[in-house]
file protein10.json (JSON, C-alpha atoms)
[["chain", "number", "residue", "atom", "x", "y", "z"],
["X", 1, "MET", "CA", 120.15, 84.21, 105.89],
["X", 2, "SER", "CA", 119.93, 81.97, 108.94],
["X", 3, "GLY", "CA", 116.15, 82.16, 109.32],
["X", 4, "ASN", "CA", 116.32, 81.88, 113.10],
["X", 5, "GLU", "CA", 116.36, 85.54, 114.11],
["X", 6, "ALA", "CA", 113.31, 87.74, 114.57],
["X", 7, "VAL", "CA", 112.93, 90.75, 112.27],
["X", 8, "PHE", "CA", 110.83, 93.76, 113.30],
["X", 9, "ARG", "CA", 109.45, 96.28, 110.80],
["X", 10, "ARG", "CA", 107.18, 99.31, 110.85],
["X", 11, "ALA", "CA", 105.12, 100.45, 107.87],
["X", 12, "SER", "CA", 106.88, 103.80, 108.25],
["X", 13, "ASP", "CA", 110.17, 101.98, 107.49],
["X", 14, "CYS", "CA", 108.85, 100.96, 104.07],
["X", 15, "GLU", "CA", 108.86, 102.73, 100.73],
["X", 16, "THR", "CA", 105.38, 103.63, 99.43],
["X", 17, "GLU", "CA", 104.68, 101.81, 96.18],
["X", 18, "SER", "CA", 101.63, 102.48, 94.01],
["X", 19, "TRP", "CA", 99.52, 101.58, 91.03],
["X", 20, "ARG", "CA", 97.55, 104.48, 89.57],
["X", 21, "ASP", "CA", 95.99, 103.91, 86.17],
["X", 22, "GLU", "CA", 92.79, 102.69, 84.55],
["X", 23, "VAL", "CA", 94.01, 99.07, 84.26],
["X", 24, "THR", "CA", 95.43, 98.55, 87.76],
["X", 25, "GLY", "CA", 93.21, 100.99, 89.64],
["X", 26, "HIS", "CA", 94.62, 102.99, 92.55],
["X", 27, "VAL", "CA", 96.34, 101.21, 95.41],
["X", 28, "ASP", "CA", 99.31, 102.07, 97.61],
["X", 29, "TRP", "CA", 101.31, 99.43, 99.48],
["X", 30, "TRP", "CA", 104.14, 98.98, 101.93],
["X", 31, "THR", "CA", 106.08, 95.71, 101.83],
["X", 32, "LEU", "CA", 106.98, 94.71, 105.39],
["X", 33, "PHE", "CA", 108.78, 91.41, 104.78],
["X", 34, "SER", "CA", 110.41, 90.33, 101.51],
["X", 35, "ALA", "CA", 113.78, 88.63, 100.99],
["X", 36, "ASP", "CA", 114.86, 91.35, 98.56],
["X", 37, "ARG", "CA", 114.42, 93.98, 101.32],
["X", 38, "THR", "CA", 114.67, 92.19, 104.67],
["X", 39, "PRO", "CA", 116.66, 89.23, 106.06],
["X", 40, "THR", "CA", 113.59, 86.96, 105.80],
["X", 41, "CYS", "CA", 112.44, 84.07, 103.62],
["X", 42, "GLY", "CA", 109.42, 81.93, 102.83],
["X", 43, "LEU", "CA", 106.80, 84.64, 103.28],
["X", 44, "THR", "CA", 106.11, 88.05, 101.78],
["X", 45, "VAL", "CA", 103.87, 90.33, 103.85],
["X", 46, "GLY", "CA", 102.73, 93.92, 103.49],
["X", 47, "ILE", "CA", 99.96, 96.46, 103.93],
["X", 48, "ALA", "CA", 97.87, 97.75, 101.02],
["X", 49, "GLU", "CA", 95.46, 100.65, 100.95],
["X", 50, "VAL", "CA", 92.73, 101.51, 98.45],
["X", 51, "PRO", "CA", 91.78, 105.18, 98.95],
["X", 52, "VAL", "CA", 88.25, 106.56, 99.15],
["X", 53, "GLY", "CA", 86.92, 107.24, 95.64],
["X", 54, "ALA", "CA", 89.58, 105.17, 93.87],
["X", 55, "PRO", "CA", 88.40, 104.20, 90.37],
["X", 56, "ARG", "CA", 87.27, 100.60, 90.00],
["X", 57, "PRO", "CA", 89.48, 98.75, 87.50],
["X", 58, "PRO", "CA", 87.64, 96.96, 84.68],
["X", 59, "ARG", "CA", 89.18, 93.62, 85.74],
["X", 60, "GLY", "CA", 91.34, 92.25, 88.52],
["X", 61, "HIS", "CA", 94.78, 90.69, 88.30],
["X", 62, "THR", "CA", 96.28, 87.24, 88.70],
["X", 63, "HIS", "CA", 99.56, 85.76, 89.89],
["X", 64, "GLU", "CA", 100.76, 82.21, 90.34],
["X", 65, "GLN", "CA", 101.05, 82.35, 94.14],
["X", 66, "HIS", "CA", 98.18, 81.97, 96.61],
["X", 67, "GLU", "CA", 97.44, 85.13, 98.59],
["X", 68, "VAL", "CA", 95.66, 85.97, 101.83],
["X", 69, "TYR", "CA", 94.02, 89.33, 102.59],
["X", 70, "TYR", "CA", 93.20, 90.33, 106.17],
["X", 71, "PHE", "CA", 91.22, 93.59, 106.30],
["X", 72, "LEU", "CA", 92.46, 96.08, 108.91],
["X", 73, "SER", "CA", 90.03, 98.97, 108.37],
["X", 74, "GLY", "CA", 87.43, 100.36, 106.02],
["X", 75, "SER", "CA", 84.80, 98.58, 103.96],
["X", 76, "GLY", "CA", 84.69, 97.38, 100.42],
["X", 77, "GLU", "CA", 84.41, 94.40, 98.13],
["X", 78, "VAL", "CA", 86.73, 91.62, 97.07],
["X", 79, "VAL", "CA", 86.01, 90.59, 93.49],
["X", 80, "LEU", "CA", 87.01, 86.98, 92.71],
["X", 81, "ASN", "CA", 86.55, 85.81, 89.11],
["X", 82, "GLY", "CA", 83.97, 88.58, 88.65],
["X", 83, "GLU", "CA", 81.95, 87.77, 91.81],
["X", 84, "SER", "CA", 81.85, 90.48, 94.51],
["X", 85, "THR", "CA", 81.78, 89.82, 98.26],
["X", 86, "ALA", "CA", 81.44, 92.63, 100.82],
["X", 87, "VAL", "CA", 84.32, 92.93, 103.32],
["X", 88, "THR", "CA", 85.07, 95.00, 106.39],
["X", 89, "ALA", "CA", 87.69, 95.16, 109.15],
["X", 90, "GLY", "CA", 88.31, 91.72, 110.65],
["X", 91, "ASP", "CA", 87.44, 89.77, 107.48],
["X", 92, "ALA", "CA", 89.97, 87.53, 105.74],
["X", 93, "VAL", "CA", 90.03, 85.78, 102.38],
["X", 94, "PHE", "CA", 92.29, 83.07, 100.92],
["X", 95, "ILE", "CA", 92.78, 83.64, 97.18],
["X", 96, "PRO", "CA", 94.03, 80.59, 95.24],
["X", 97, "GLY", "CA", 96.87, 81.13, 92.79],
["X", 98, "ASN", "CA", 95.85, 82.26, 89.28],
["X", 99, "MET", "CA", 92.37, 83.39, 90.44],
["X", 100, "GLU", "CA", 91.48, 86.84, 89.08],
["X", 101, "HIS", "CA", 90.95, 89.22, 92.00],
["X", 102, "MET", "CA", 90.86, 92.83, 93.18],
["X", 103, "SER", "CA", 89.77, 94.91, 96.16],
["X", 104, "VAL", "CA", 87.40, 97.86, 95.78],
["X", 105, "ASN", "CA", 86.78, 100.57, 98.38],
["X", 106, "THR", "CA", 83.04, 101.21, 98.83],
["X", 107, "GLY", "CA", 83.29, 103.12, 102.10],
["X", 108, "ASN", "CA", 84.15, 106.59, 103.37],
["X", 109, "GLU", "CA", 87.62, 105.76, 104.76],
["X", 110, "PRO", "CA", 90.66, 104.04, 103.22],
["X", 111, "LEU", "CA", 90.32, 100.26, 102.78],
["X", 112, "ARG", "CA", 93.47, 98.83, 104.44],
["X", 113, "LEU", "CA", 94.52, 95.21, 104.33],
["X", 114, "LEU", "CA", 97.41, 93.00, 105.27],
["X", 115, "TYR", "CA", 98.54, 90.73, 102.43],
["X", 116, "PHE", "CA", 100.51, 87.49, 102.61],
["X", 117, "PHE", "CA", 102.22, 85.47, 99.85],
["X", 118, "PRO", "CA", 104.02, 82.11, 100.28],
["X", 119, "ALA", "CA", 107.05, 83.51, 98.44],
["X", 120, "ASP", "CA", 110.51, 84.58, 99.52],
["X", 121, "SER", "CA", 110.28, 87.94, 97.83],
["X", 122, "PHE", "CA", 107.76, 90.42, 96.43],
["X", 123, "ALA", "CA", 109.99, 90.37, 93.32],
["X", 124, "ASP", "CA", 108.87, 86.74, 92.79],
["X", 125, "ILE", "CA", 105.23, 87.81, 92.27],
["X", 126, "GLU", "CA", 104.45, 88.35, 88.57],
["X", 127, "TYR", "CA", 101.22, 90.33, 88.30],
["X", 128, "LYS", "CA", 99.15, 89.75, 85.15],
["X", 129, "PHE", "CA", 96.29, 91.99, 84.08],
["X", 130, "PRO", "CA", 93.76, 90.49, 81.61],
["X", 131, "GLY", "CA", 93.83, 92.30, 78.30],
["X", 132, "GLN", "CA", 97.37, 93.60, 78.84],
["X", 133, "GLY", "CA", 100.11, 92.39, 76.49]]
call {"tool": "encode", "arguments": {"input": "protein10.json", "output": "structure tokens"}}
result
Amino acid sequence: MSGNEAVFRRASDCETESWRDEVTGHVDWWTLFSADRTPTCGLTVGIAEVPVGAPRPPRGHTHEQHEVYYFLSGSGEVVLNGESTAVTAGDAVFIPGNMEHMSVNTGNEPLRLLYFFPADSFADIEYKFPGQG
């Protein structure tokens, strides 16, 4: 990969991926840029959506990499190490690596966010859920 050519993507180009259980909660996501899927490097970016009425997981998750959320629509909470902060469209949060976190939809429309990782590939992100093996 040369790294000096622009790459355009649409969410509709991306496979829908999901978590749907009592540990992870319910979230769908579309990975826009990831070296294992696109001719890009250094950054992994996608869109995630927590639907209305999605069950709140008992705990969040962690991963080694820092992450940024930028909220596109909806309203909800970001829970960082057990502390909740209300969020809405236009809000952003930097989440340090290994900090337990999750997003919760508290509104009446899907909570959509753009996520960013300083990693070549989504495959490089190892999600850990407290209490899971």
call {"tool": "residues_near_point", "arguments": {"input": "protein10.json", "point": "(103.2, 95.0, 97.3)", "cutoff": "8 Å", "atoms": "only C-alpha atoms", "output": "list of chain:residue names"}}
result
X:Glu17, X:Trp29, X:Trp30, X:Thr31, X:Gly46, X:Ile47, X:Ala48, X:Phe122
call {"tool": "atom_distance", "arguments": {"input": "protein10.json", "atom1": "CA of Pro96 (chain X)", "atom2": "CA of Val78 (chain X)"}}
result
13.4 Å
call {"tool": "closest_residue", "arguments": {"input": "protein10.json", "among": "X:Pro58, X:Pro39, X:Gly82, X:Gly25", "to": "Asn105 (chain X)", "atoms": "all atoms listed in the file"}}
result
X:Gly25
call {"tool": "residues_around", "arguments": {"input": "protein10.json", "residues": "region 63-73 of chain X", "least_positions_apart": "5", "cutoff": "10 Å", "atoms": "all atoms listed in the file", "output": "PyMOL selection string"}}
result
chain X and resi 44-49+78+87-101+103+109-119+124-129
call {"tool": "atom_distance", "arguments": {"input": "protein10.json", "atom1": "CA of Asp21 (chain X)", "atom2": "CA of Thr38 (chain X)"}}
result
28.8 Å
call {"tool": "atom_distance", "arguments": {"input": "protein10.json", "atom1": "CA of Glu83 (chain X)", "atom2": "CA of Trp19 (chain X)"}}
result
22.4 Å
call {"tool": "closest_residue", "arguments": {"input": "protein10.json", "among": "X:Ser18, X:Ser12, X:Asn4, X:Ser84", "to": "Leu32 (chain X)", "atoms": "only C-alpha atoms"}}
result
X:Ser12
call {"tool": "decode", "arguments": {"input": "protein10.json", "residues": "region 6-29 of chain X", "atoms": "N, CA and C atoms", "output": "PDB file, in the first residue's frame"}}
result
ATOM      1  N   ALA X   6      -6.125   8.708  -2.234  1.00  0.00           N
ATOM      2  CA  ALA X   6      -7.361   8.846  -1.476  1.00  0.00           C
ATOM      3  C   ALA X   6      -8.232   7.602  -1.666  1.00  0.00           C
ATOM      4  N   VAL X   7      -8.965   7.249  -0.630  1.00  0.00           N
ATOM      5  CA  VAL X   7      -9.888   6.112  -0.676  1.00  0.00           C
ATOM      6  C   VAL X   7     -11.252   6.622  -0.220  1.00  0.00           C
ATOM      7  N   PHE X   8     -12.268   6.430  -1.034  1.00  0.00           N
ATOM      8  CA  PHE X   8     -13.627   6.831  -0.697  1.00  0.00           C
ATOM      9  C   PHE X   8     -14.441   5.604  -0.325  1.00  0.00           C
ATOM     10  N   ARG X   9     -15.291   5.739   0.686  1.00  0.00           N
ATOM     11  CA  ARG X   9     -16.175   4.633   1.096  1.00  0.00           C
ATOM     12  C   ARG X   9     -17.531   5.195   1.485  1.00  0.00           C
ATOM     13  N   ARG X  10     -18.540   4.381   1.331  1.00  0.00           N
ATOM     14  CA  ARG X  10     -19.895   4.672   1.813  1.00  0.00           C
ATOM     15  C   ARG X  10     -20.255   3.595   2.833  1.00  0.00           C
ATOM     16  N   ALA X  11     -21.039   3.967   3.828  1.00  0.00           N
ATOM     17  CA  ALA X  11     -21.484   2.975   4.806  1.00  0.00           C
ATOM     18  C   ALA X  11     -22.205   1.834   4.099  1.00  0.00           C
ATOM     19  N   SER X  12     -22.916   2.145   3.021  1.00  0.00           N
ATOM     20  CA  SER X  12     -23.643   1.105   2.292  1.00  0.00           C
ATOM     21  C   SER X  12     -22.706   0.112   1.603  1.00  0.00           C
ATOM     22  N   ASP X  13     -21.415   0.454   1.481  1.00  0.00           N
ATOM     23  CA  ASP X  13     -20.418  -0.462   0.921  1.00  0.00           C
ATOM     24  C   ASP X  13     -19.967  -1.503   1.949  1.00  0.00           C
ATOM     25  N   CYS X  14     -20.292  -1.271   3.210  1.00  0.00           N
ATOM     26  CA  CYS X  14     -19.717  -2.054   4.310  1.00  0.00           C
ATOM     27  C   CYS X  14     -20.673  -3.130   4.805  1.00  0.00           C
ATOM     28  N   GLU X  15     -20.096  -4.231   5.208  1.00  0.00           N
ATOM     29  CA  GLU X  15     -20.849  -5.308   5.842  1.00  0.00           C
ATOM     30  C   GLU X  15     -21.348  -4.833   7.207  1.00  0.00           C
ATOM     31  N   THR X  16     -22.591  -5.195   7.559  1.00  0.00           N
ATOM     32  CA  THR X  16     -23.100  -4.905   8.901  1.00  0.00           C
ATOM     33  C   THR X  16     -22.566  -5.958   9.854  1.00  0.00           C
ATOM     34  N   GLU X  17     -21.917  -5.493  10.911  1.00  0.00           N
ATOM     35  CA  GLU X  17     -21.432  -6.378  11.967  1.00  0.00           C
ATOM     36  C   GLU X  17     -22.208  -6.039  13.234  1.00  0.00           C
ATOM     37  N   SER X  18     -22.336  -6.997  14.155  1.00  0.00           N
ATOM     38  CA  SER X  18     -23.182  -6.773  15.323  1.00  0.00           C
ATOM     39  C   SER X  18     -22.695  -7.522  16.547  1.00  0.00           C
ATOM     40  N   TRP X  19     -23.029  -6.955  17.694  1.00  0.00           N
ATOM     41  CA  TRP X  19     -23.012  -7.675  18.970  1.00  0.00           C
ATOM     42  C   TRP X  19     -24.453  -7.681  19.444  1.00  0.00           C
ATOM     43  N   ARG X  20     -24.919  -8.821  19.933  1.00  0.00           N
ATOM     44  CA  ARG X  20     -26.288  -8.912  20.435  1.00  0.00           C
ATOM     45  C   ARG X  20     -26.375  -9.975  21.511  1.00  0.00           C
ATOM     46  N   ASP X  21     -25.916  -9.631  22.709  1.00  0.00           N
ATOM     47  CA  ASP X  21     -26.102 -10.538  23.842  1.00  0.00           C
ATOM     48  C   ASP X  21     -26.045  -9.749  25.140  1.00  0.00           C
ATOM     49  N   GLU X  22     -26.246 -10.416  26.255  1.00  0.00           N
ATOM     50  CA  GLU X  22     -26.329  -9.711  27.534  1.00  0.00           C
ATOM     51  C   GLU X  22     -24.985  -9.174  28.009  1.00  0.00           C
ATOM     52  N   VAL X  23     -23.876  -9.669  27.506  1.00  0.00           N
ATOM     53  CA  VAL X  23     -22.551  -9.177  27.911  1.00  0.00           C
ATOM     54  C   VAL X  23     -22.141  -7.962  27.076  1.00  0.00           C
ATOM     55  N   THR X  24     -22.317  -8.051  25.766  1.00  0.00           N
ATOM     56  CA  THR X  24     -21.868  -6.983  24.870  1.00  0.00           C
ATOM     57  C   THR X  24     -22.930  -5.915  24.639  1.00  0.00           C
ATOM     58  N   GLY X  25     -24.185  -6.234  24.929  1.00  0.00           N
ATOM     59  CA  GLY X  25     -25.273  -5.332  24.587  1.00  0.00           C
ATOM     60  C   GLY X  25     -25.653  -5.505  23.129  1.00  0.00           C
ATOM     61  N   HIS X  26     -26.286  -4.491  22.556  1.00  0.00           N
ATOM     62  CA  HIS X  26     -26.717  -4.552  21.158  1.00  0.00           C
ATOM     63  C   HIS X  26     -26.157  -3.335  20.436  1.00  0.00           C
ATOM     64  N   VAL X  27     -25.282  -3.586  19.508  1.00  0.00           N
ATOM     65  CA  VAL X  27     -24.715  -2.529  18.671  1.00  0.00           C
ATOM     66  C   VAL X  27     -24.429  -3.103  17.291  1.00  0.00           C
ATOM     67  N   ASP X  28     -24.698  -2.315  16.278  1.00  0.00           N
ATOM     68  CA  ASP X  28     -24.349  -2.650  14.894  1.00  0.00           C
ATOM     69  C   ASP X  28     -23.264  -1.678  14.466  1.00  0.00           C
ATOM     70  N   TRP X  29     -22.364  -2.125  13.579  1.00  0.00           N
ATOM     71  CA  TRP X  29     -21.336  -1.211  13.082  1.00  0.00           C
ATOM     72  C   TRP X  29     -20.934  -1.551  11.664  1.00  0.00           C
TER      73      TRP X  29
END
